[in-house]
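Peer 1: To be precise about what I am sending: the file is called run_9.cif and holds mmCIF, C-alpha atoms.
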```cif
data_my_file
loop_
_atom_site.group_PDB
_atom_site.id
_atom_site.type_symbol
_atom_site.label_atom_id
_atom_site.label_comp_id
_atom_site.auth_asym_id
_atom_site.auth_seq_id
_atom_site.Cartn_x
_atom_site.Cartn_y
_atom_site.Cartn_z
ATOM 1 C CA HIS I 618 -16.308 7.017 -7.175
ATOM 2 C CA SER I 619 -15.188 8.039 -10.624
ATOM 3 C CA VAL I 620 -12.777 6.761 -13.214
ATOM 4 C CA ALA I 621 -10.066 9.183 -14.283
ATOM 5 C CA SER I 622 -9.841 9.554 -18.059
ATOM 6 C CA ALA I 623 -7.972 12.846 -18.509
ATOM 7 C CA PRO I 624 -4.152 12.853 -18.570
ATOM 8 C CA LEU I 625 -2.579 12.845 -15.134
ATOM 9 C CA ALA I 626 -1.830 16.386 -13.968
ATOM 10 C CA PRO I 627 1.071 17.340 -11.682
ATOM 11 C CA VAL I 628 0.066 17.435 -8.035
ATOM 12 C CA ALA I 629 0.315 20.558 -5.896
ATOM 13 C CA GLU I 630 1.588 20.666 -2.343
ATOM 14 C CA PRO I 631 -1.111 20.298 0.340
ATOM 15 C CA GLN I 632 -2.043 23.489 2.161
ATOM 16 C CA VAL I 633 -1.055 21.937 5.482
ATOM 17 C CA PRO I 634 2.370 20.250 5.233
ATOM 18 C CA SER I 635 2.645 16.752 6.634
ATOM 19 C CA PRO I 636 4.699 16.353 9.828
ATOM 20 C CA HIS I 637 8.372 15.722 9.169
ATOM 21 C CA TYR I 638 9.900 13.274 11.590
ATOM 22 C CA ALA I 639 13.101 11.271 11.414
ATOM 23 C CA LEU I 640 12.533 7.902 9.794
ATOM 24 C CA PRO I 641 12.516 4.948 12.189
ATOM 25 C CA ARG I 642 15.029 2.519 10.672
ATOM 26 C CA PRO I 643 15.031 -1.224 11.326
ATOM 27 C CA SER I 644 17.820 -2.537 13.554
ATOM 28 C CA ASP I 645 18.712 -6.173 12.964
ATOM 29 C CA GLY I 646 15.237 -6.662 11.556
ATOM 30 C CA GLN I 647 13.539 -6.016 14.879
ATOM 31 C CA ALA I 648 12.592 -2.336 15.117
ATOM 32 C CA ALA I 649 9.093 -1.432 14.060
ATOM 33 C CA VAL I 650 7.705 1.669 12.397
ATOM 34 C CA ALA I 651 4.417 0.895 14.105
ATOM 35 C CA SER I 652 2.569 -1.951 15.744
ATOM 36 C CA LEU I 653 -1.059 -2.294 14.757
ATOM 37 C CA HIS I 654 -3.487 -4.273 16.844
ATOM 38 C CA SER I 655 -6.994 -4.056 18.197
ATOM 39 C CA ALA I 656 -7.373 -2.695 21.707
ATOM 40 C CA VAL I 657 -7.758 -5.312 24.434
ATOM 41 C CA ALA I 658 -11.118 -3.771 25.219
ATOM 42 C CA GLU I 659 -13.100 -3.851 22.001
ATOM 43 C CA PRO I 660 -14.649 -0.497 21.073
ATOM 44 C CA SER I 661 -18.357 -0.126 21.576
ATOM 45 C CA CYS I 662 -20.693 -0.127 18.618
ATOM 46 C CA ALA I 663 -20.880 3.652 18.976
ATOM 47 C CA ALA I 664 -17.134 4.086 18.334
ATOM 48 C CA GLN I 665 -16.929 5.368 14.777
ATOM 49 C CA LEU I 666 -14.623 7.499 12.685
ATOM 50 C CA ALA I 667 -15.413 11.192 12.683
ATOM 51 C CA PRO I 668 -18.006 11.832 9.955
ATOM 52 C CA VAL I 669 -17.176 13.941 6.930
ATOM 53 C CA PRO I 670 -18.792 17.378 7.282
ATOM 54 C CA SER I 671 -22.063 17.756 5.410
ATOM 55 C CA GLY I 672 -21.601 18.861 1.814
ATOM 56 C CA GLU I 673 -17.990 17.673 1.570
ATOM 57 C CA PRO I 674 -17.118 14.641 -0.592
ATOM 58 C CA SER I 675 -15.855 11.490 1.084
ATOM 59 C CA VAL I 676 -12.067 11.458 1.411
ATOM 60 C CA GLY I 677 -11.684 7.791 0.509
ATOM 61 C CA PHE I 678 -13.690 4.659 -0.191
ATOM 62 C CA ALA I 679 -15.865 2.402 1.938
ATOM 63 C CA LEU I 680 -13.230 0.447 3.857
ATOM 64 C CA PRO I 681 -13.508 -3.099 5.225
ATOM 65 C CA GLU I 682 -14.585 -3.408 8.852
ATOM 66 C CA ILE I 683 -11.085 -4.367 10.034
ATOM 67 C CA CYS I 684 -9.643 -1.153 8.559
ATOM 68 C CA ASN I 685 -12.264 1.025 10.227
ATOM 69 C CA ARG I 686 -11.591 -0.748 13.516
ATOM 70 C CA LEU I 687 -7.830 -0.219 13.264
ATOM 71 C CA LEU I 688 -8.229 3.450 12.381
ATOM 72 C CA VAL I 689 -10.033 3.838 15.717
ATOM 73 C CA THR I 690 -8.287 1.404 18.090
ATOM 74 C CA ALA I 691 -4.769 1.832 16.651
ATOM 75 C CA SER I 692 -5.046 5.450 15.519
ATOM 76 C CA ASP I 693 -1.719 6.509 17.057
ATOM 77 C CA GLN I 694 0.122 3.602 15.455
ATOM 78 C CA VAL I 695 -1.403 4.352 12.049
ATOM 79 C CA ASP I 696 -0.300 7.958 12.479
ATOM 80 C CA ARG I 697 3.234 6.810 13.271
ATOM 81 C CA LEU I 698 3.338 4.799 10.043
ATOM 82 C CA CYS I 699 1.979 7.755 8.101
ATOM 83 C CA ASP I 700 4.594 10.043 9.670
ATOM 84 C CA ALA I 701 7.293 7.709 8.360
ATOM 85 C CA LEU I 702 5.743 7.628 4.888
ATOM 86 C CA ALA I 703 5.334 11.417 4.831
ATOM 87 C CA SER I 704 8.949 11.848 5.917
ATOM 88 C CA ALA I 705 10.099 9.444 3.209
ATOM 89 C CA ARG I 706 8.236 11.543 0.659
ATOM 90 C CA LEU I 707 9.957 14.718 1.829
ATOM 91 C CA GLN I 708 13.234 12.869 1.288
ATOM 92 C CA GLY I 709 12.250 12.160 -2.313
ATOM 93 C CA ARG I 710 10.829 8.668 -1.753
ATOM 94 C CA GLN I 711 7.348 8.726 -3.263
ATOM 95 C CA VAL I 712 6.909 5.201 -4.634
ATOM 96 C CA ILE I 713 6.755 2.872 -1.646
ATOM 97 C CA ALA I 714 5.824 -0.793 -1.535
ATOM 98 C CA LEU I 715 4.291 -2.593 1.403
ATOM 99 C CA ALA I 716 4.821 -6.335 1.493
ATOM 100 C CA ALA I 717 4.786 -9.247 3.922
ATOM 101 C CA TYR I 718 6.749 -12.468 3.831
ATOM 102 C CA ARG I 719 3.636 -14.659 3.832
ATOM 103 C CA ARG I 720 0.093 -14.148 2.675
ATOM 104 C CA ASN I 721 -2.567 -13.182 5.212
ATOM 105 C CA GLU I 722 -0.208 -11.014 7.297
ATOM 106 C CA GLY I 723 -2.432 -8.021 6.555
ATOM 107 C CA THR I 724 -0.601 -6.064 3.861
ATOM 108 C CA THR I 725 -3.755 -4.824 2.129
ATOM 109 C CA THR I 726 -5.270 -3.829 5.478
ATOM 110 C CA VAL I 727 -2.203 -1.761 6.381
ATOM 111 C CA VAL I 728 -2.024 -0.176 2.919
ATOM 112 C CA LEU I 729 -5.670 0.916 3.028
ATOM 113 C CA CYS I 730 -5.397 2.306 6.576
ATOM 114 C CA ALA I 731 -2.299 4.323 5.658
ATOM 115 C CA ALA I 732 -3.828 5.580 2.403
ATOM 116 C CA GLN I 733 -6.997 6.705 4.168
ATOM 117 C CA ARG I 734 -5.136 8.532 6.935
ATOM 118 C CA LEU I 735 -2.704 10.217 4.515
ATOM 119 C CA ALA I 736 -5.623 11.371 2.362
ATOM 120 C CA GLU I 737 -7.267 12.810 5.467
ATOM 121 C CA ARG I 738 -4.099 14.877 5.957
ATOM 122 C CA GLY I 739 -4.664 16.491 2.575
ATOM 123 C CA LEU I 740 -2.274 14.385 0.497
ATOM 124 C CA ARG I 741 -3.174 12.797 -2.829
ATOM 125 C CA ILE I 742 -2.511 9.070 -2.596
ATOM 126 C CA ALA I 743 -2.456 6.338 -5.247
ATOM 127 C CA VAL I 744 -2.866 2.705 -4.167
ATOM 128 C CA VAL I 745 -1.522 0.296 -6.774
ATOM 129 C CA GLU I 746 -2.192 -3.440 -6.643
ATOM 130 C CA ALA I 747 0.843 -5.537 -7.570
ATOM 131 C CA ASP I 748 -0.485 -8.992 -6.767
ATOM 132 C CA PRO I 749 -1.307 -10.927 -9.948
ATOM 133 C CA THR I 750 -2.630 -14.062 -8.254
ATOM 134 C CA ARG I 751 -5.339 -12.360 -6.220
ATOM 135 C CA GLY I 752 -6.625 -9.204 -7.877
ATOM 136 C CA GLN I 753 -8.907 -8.500 -4.898
ATOM 137 C CA LEU I 754 -8.335 -4.807 -4.171
ATOM 138 C CA ALA I 755 -11.326 -3.501 -6.131
ATOM 139 C CA LYS I 756 -13.604 -6.170 -4.651
ATOM 140 C CA THR I 757 -12.352 -5.403 -1.131
ATOM 141 C CA LEU I 758 -13.399 -1.780 -1.603
ATOM 142 C CA GLY I 759 -16.712 -2.661 -3.240
ATOM 143 C CA LEU I 760 -15.602 -1.251 -6.603
ATOM 144 C CA GLU I 761 -16.241 -2.567 -10.075
ATOM 145 C CA ALA I 762 -13.195 -2.891 -12.301
ATOM 146 C CA ARG I 763 -13.394 -4.649 -15.649
ATOM 147 C CA TYR I 764 -9.760 -3.906 -16.441
ATOM 148 C CA GLY I 765 -6.802 -3.074 -14.249
ATOM 149 C CA TRP I 766 -3.125 -2.184 -14.177
ATOM 150 C CA ASN I 767 -2.267 -5.399 -15.988
ATOM 151 C CA ALA I 768 -4.306 -4.257 -19.009
ATOM 152 C CA ALA I 769 -2.526 -0.883 -18.992
ATOM 153 C CA LEU I 770 0.891 -2.559 -18.746
ATOM 154 C CA ALA I 771 -0.026 -4.705 -21.750
ATOM 155 C CA GLY I 772 -0.908 -1.571 -23.716
ATOM 156 C CA GLN I 773 -4.577 -2.539 -24.040
ATOM 157 C CA VAL I 774 -5.947 0.565 -22.300
ATOM 158 C CA PRO I 775 -4.537 3.945 -21.183
ATOM 159 C CA LEU I 776 -3.178 4.075 -17.644
ATOM 160 C CA GLU I 777 -5.327 7.103 -16.803
ATOM 161 C CA SER I 778 -8.554 5.268 -17.616
ATOM 162 C CA MET I 779 -7.740 2.500 -15.107
ATOM 163 C CA LEU I 780 -7.525 4.813 -12.089
ATOM 164 C CA ILE I 781 -10.591 4.769 -9.835
ATOM 165 C CA GLN I 782 -10.864 7.988 -7.829
ATOM 166 C CA SER I 783 -12.662 8.683 -4.584
ATOM 167 C CA PRO I 784 -15.287 11.484 -4.569
ATOM 168 C CA SER I 785 -12.754 13.918 -3.070
ATOM 169 C CA GLY I 786 -10.108 13.053 -5.667
ATOM 170 C CA ARG I 787 -7.537 12.581 -2.890
ATOM 171 C CA LEU I 788 -7.410 8.797 -3.128
ATOM 172 C CA SER I 789 -6.959 6.811 -6.351
ATOM 173 C CA VAL I 790 -6.930 3.045 -6.749
ATOM 174 C CA LEU I 791 -5.252 1.114 -9.556
ATOM 175 C CA PRO I 792 -6.431 -2.500 -9.208
ATOM 176 C CA TRP I 793 -5.124 -5.673 -10.795
ATOM 177 C CA THR I 794 -7.886 -7.665 -12.444
ATOM 178 C CA GLY I 795 -7.954 -11.410 -12.920
ATOM 179 C CA SER I 796 -6.000 -14.040 -11.026
ATOM 180 C CA GLU I 797 -3.618 -15.485 -13.597
ATOM 181 C CA ALA I 798 -0.045 -16.205 -12.584
ATOM 182 C CA VAL I 799 2.554 -14.033 -14.248
ATOM 183 C CA THR I 800 4.791 -15.995 -16.595
ATOM 184 C CA LEU I 801 8.208 -15.048 -17.876
ATOM 185 C CA GLU I 802 6.677 -14.361 -21.267
ATOM 186 C CA GLY I 803 3.948 -12.222 -19.738
ATOM 187 C CA LEU I 804 6.225 -10.168 -17.503
ATOM 188 C CA PRO I 805 5.772 -6.456 -18.255
ATOM 189 C CA ASP I 806 8.751 -4.487 -19.443
ATOM 190 C CA ALA I 807 10.541 -2.873 -16.495
ATOM 191 C CA ALA I 808 10.743 0.384 -18.435
ATOM 192 C CA VAL I 809 6.942 0.432 -18.817
ATOM 193 C CA VAL I 810 6.468 -0.296 -15.105
ATOM 194 C CA GLY I 811 8.859 2.520 -14.233
ATOM 195 C CA GLU I 812 7.153 4.924 -16.632
ATOM 196 C CA HIS I 813 3.721 4.161 -15.154
ATOM 197 C CA LEU I 814 4.932 4.615 -11.587
ATOM 198 C CA SER I 815 6.684 7.862 -12.518
ATOM 199 C CA ARG I 816 3.466 9.223 -14.034
ATOM 200 C CA LEU I 817 1.526 8.239 -10.941
ATOM 201 C CA ALA I 818 4.132 9.855 -8.691
ATOM 202 C CA ALA I 819 3.920 13.089 -10.696
ATOM 203 C CA ALA I 820 0.153 13.223 -10.102
ATOM 204 C CA HIS I 821 0.146 12.084 -6.449
ATOM 205 C CA HIS I 822 2.102 12.896 -3.322
ATOM 206 C CA ILE I 823 2.666 9.224 -2.467
ATOM 207 C CA VAL I 824 2.204 5.999 -4.442
ATOM 208 C CA LEU I 825 1.640 2.915 -2.257
ATOM 209 C CA LEU I 826 2.042 -0.524 -3.816
ATOM 210 C CA ASP I 827 0.155 -3.446 -2.296
ATOM 211 C CA CYS I 828 2.547 -6.271 -3.182
ATOM 212 C CA ALA I 829 2.321 -10.038 -3.254
ATOM 213 C CA ALA I 830 3.966 -12.093 -0.515
ATOM 214 C CA LEU I 831 7.746 -12.049 -0.627
ATOM 215 C CA GLU I 832 7.945 -15.808 -0.061
ATOM 216 C CA GLU I 833 6.600 -16.136 -3.602
ATOM 217 C CA GLN I 834 9.636 -14.431 -5.119
ATOM 218 C CA GLY I 835 11.034 -17.773 -6.231
ATOM 219 C CA THR I 836 7.906 -18.553 -8.231
ATOM 220 C CA THR I 837 6.506 -17.117 -11.441
ATOM 221 C CA ASN I 838 3.973 -15.217 -9.324
ATOM 222 C CA GLY I 839 6.860 -13.270 -7.790
ATOM 223 C CA LEU I 840 8.227 -12.106 -11.131
ATOM 224 C CA LEU I 841 6.024 -9.023 -11.193
ATOM 225 C CA VAL I 842 7.118 -7.929 -7.732
ATOM 226 C CA ARG I 843 10.760 -8.367 -8.727
ATOM 227 C CA CYS I 844 10.080 -6.222 -11.773
ATOM 228 C CA VAL I 845 8.345 -3.569 -9.661
ATOM 229 C CA GLY I 846 11.165 -3.707 -7.118
ATOM 230 C CA LYS I 847 13.539 -2.093 -9.595
ATOM 231 C CA CYS I 848 11.343 1.028 -9.594
ATOM 232 C CA LEU I 849 10.772 1.454 -5.853
ATOM 233 C CA ASP I 850 11.921 4.312 -3.645
ATOM 234 C CA GLY I 851 11.467 2.218 -0.511
ATOM 235 C CA LEU I 852 9.726 -0.726 1.123
ATOM 236 C CA VAL I 853 7.856 -1.253 4.386
ATOM 237 C CA MET I 854 7.644 -4.802 5.686
ATOM 238 C CA VAL I 855 4.332 -5.922 7.187
ATOM 239 C CA HIS I 856 4.941 -8.539 9.865
ATOM 240 C CA ASN I 857 2.570 -10.712 11.842
ATOM 241 C CA PRO I 858 4.775 -12.461 14.427
ATOM 242 C CA ASN I 859 2.159 -15.191 14.767
ATOM 243 C CA LEU I 860 2.818 -16.216 11.147
ATOM 244 C CA THR I 861 6.457 -15.342 10.450
ATOM 245 C CA SER I 862 9.434 -15.516 12.794
ATOM 246 C CA ARG I 863 11.630 -12.500 13.481
ATOM 247 C CA GLU I 864 14.609 -14.483 12.222
ATOM 248 C CA ARG I 865 12.908 -14.937 8.858
ATOM 249 C CA ILE I 866 12.114 -11.217 8.656
ATOM 250 C CA ALA I 867 15.739 -10.354 9.454
ATOM 251 C CA GLU I 868 16.892 -12.705 6.695
ATOM 252 C CA VAL I 869 14.471 -11.155 4.194
ATOM 253 C CA GLN I 870 15.654 -7.666 5.135
ATOM 254 C CA ARG I 871 19.281 -8.628 4.530
ATOM 255 C CA ARG I 872 18.379 -9.968 1.095
ATOM 256 C CA LEU I 873 16.403 -6.849 0.215
ATOM 257 C CA THR I 874 19.256 -4.608 1.313
ATOM 258 C CA ALA I 875 21.696 -6.672 -0.764
ATOM 259 C CA ALA I 876 19.368 -6.229 -3.740
ATOM 260 C CA GLY I 877 19.473 -2.450 -3.314
ATOM 261 C CA VAL I 878 15.961 -2.012 -1.866
ATOM 262 C CA PHE I 879 15.745 0.811 0.679
ATOM 263 C CA ALA I 880 14.099 -0.515 3.858
ATOM 264 C CA ILE I 881 11.939 2.124 5.539
ATOM 265 C CA GLY I 882 10.952 -0.095 8.446
ATOM 266 C CA ILE I 883 8.586 -2.749 9.744
ATOM 267 C CA VAL I 884 4.918 -2.606 10.693
ATOM 268 C CA GLN I 885 3.740 -5.260 13.091
ATOM 269 C CA ASN I 886 0.139 -6.166 12.292
ATOM 270 C CA LEU I 887 -1.599 -8.135 15.028
ATOM 271 C CA ALA I 888 -5.153 -7.290 13.986
ATOM 272 C CA ARG I 889 -7.512 -10.158 13.332
ATOM 273 C CA LYS I 890 -10.652 -10.252 11.262
ATOM 274 C CA ARG I 891 -13.789 -10.965 13.217
#
```
I'd like the structure from this file rewritten - as structure tokens, please.

Peer 2:
Amino acid sequence: HSVASAPLAPVAEPQVPSPHYALPRPSDGQAAVASLHSAVAEPSCAAQLAPVPSGEPSVGFALPEICNRLLVTASDQVDRLCDALASARLQGRQVIALAAYRRNEGTTTVVLCAAQRLAERGLRIAVVEADPTRGQLAKTLGLEARYGWNAALAGQVPLESMLIQSPSGRLSVLPWTGSEAVTLEGLPDAAVVGEHLSRLAAAHHIVLLDCAALEEQGTTNGLLVRCVGKCLDGLVMVHNPNLTSRERIAEVQRRLTAAGVFAIGIVQNLARKR
């Protein structure tokens, strides 16, 4: 991988346009954009993603095992999610957050699967970590990151220098480093957040934000997500029905809609780490 240091350049349209399908919209909090789960029959050890042709750079990064498994066993469902995201982009919605109500519902897993598949379609994707209490995205991908988006928001380093790019240049990661809770005094200016996301959107086809759990919105750790929420074009809920009830998801959706957040849909994530 490489770290981008030059100013972000406007992104060109991919040579092969992404499919344009009508957006699946949630109905009473129940409809799903996609449902991700491992196949009942586990794939054999020989089941692998198609290799990148010799001489071509890798599209993305080395993904966790659960992501590679989902991209094989739930390929159609991942494609359905990516169709919805690609359609949202064609409707002018480039900056999209993915978030769950509780932790451990698989938000990061879903974000990475979608980013990988969209990059394989020829789109340039930025994955932005907006979870101040964890800061695990770089570690999950096996990347080294001394500074992250939080340092850029504080004006300590340029935004461009914090982006970690895949060898192909189609996938960029903007991690959050450290695990300190965001305080009211440390909350970044909403105008700075919006300016950063606008610059990322100008240089990428889609910007995906990996957000902290929505149940933390009443705590200081949720302040950053509330700040980011003002700059979003849409939000996809990640839902594991084994952890969060449908009634709770419906309630959260009503609150998000009341707050002016555009709900793209729901992804049910039933995958489990081995």

Peer 1: As a check of understanding, name the residues that the PyMOL selection byres ((chain I and resi 715) around 8) selects in the supplied structure, as a list in words.

Peer 2: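 That selection, the PyMOL selection byres ((chain I and resi 715) around 8), comes back as Ile713, Ala714, Ala716, Ala717, Thr724, Val728, Leu825, Leu826, Asp827, Cys828, Leu852, Val853, Met854 and Val855 of chain I.
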
Peer 1: May I ask which of the residues I:Gly739, I:Gly772, I:Gly846, I:Gly759 is the closest one to I:Leu788, counting only C-alpha atoms?

Peer 2: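 The closest residue to I:Leu788 is I:Gly739.
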
Peer 1: Ranking I:Ile881, I:Ala875, I:Leu707, I:Ile742 by minimum distance to I:Gly677 and counting all atoms listed in the file, which one comes first?

Peer 2: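 Looking only at the distances to I:Gly677, the closest residue turns out to be I:Ile742.
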
Peer 1: Between I:Val810, I:Val878, I:Leu873, I:Cys699, which residue has the minimum interatomic distance to I:Ala747, considering all atoms listed in the file?

Peer 2: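 Under the stated criterion, the closest residue is I:Val810.
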
Peer 1: Decode the PyMOL selection byres ((chain I and resi 861) around 12) for the given file into explicit residues and return them as an MDAnalysis selection string.

Peer 2: chainID I and resid 717:722 830:832 854:860 862:869 885:887
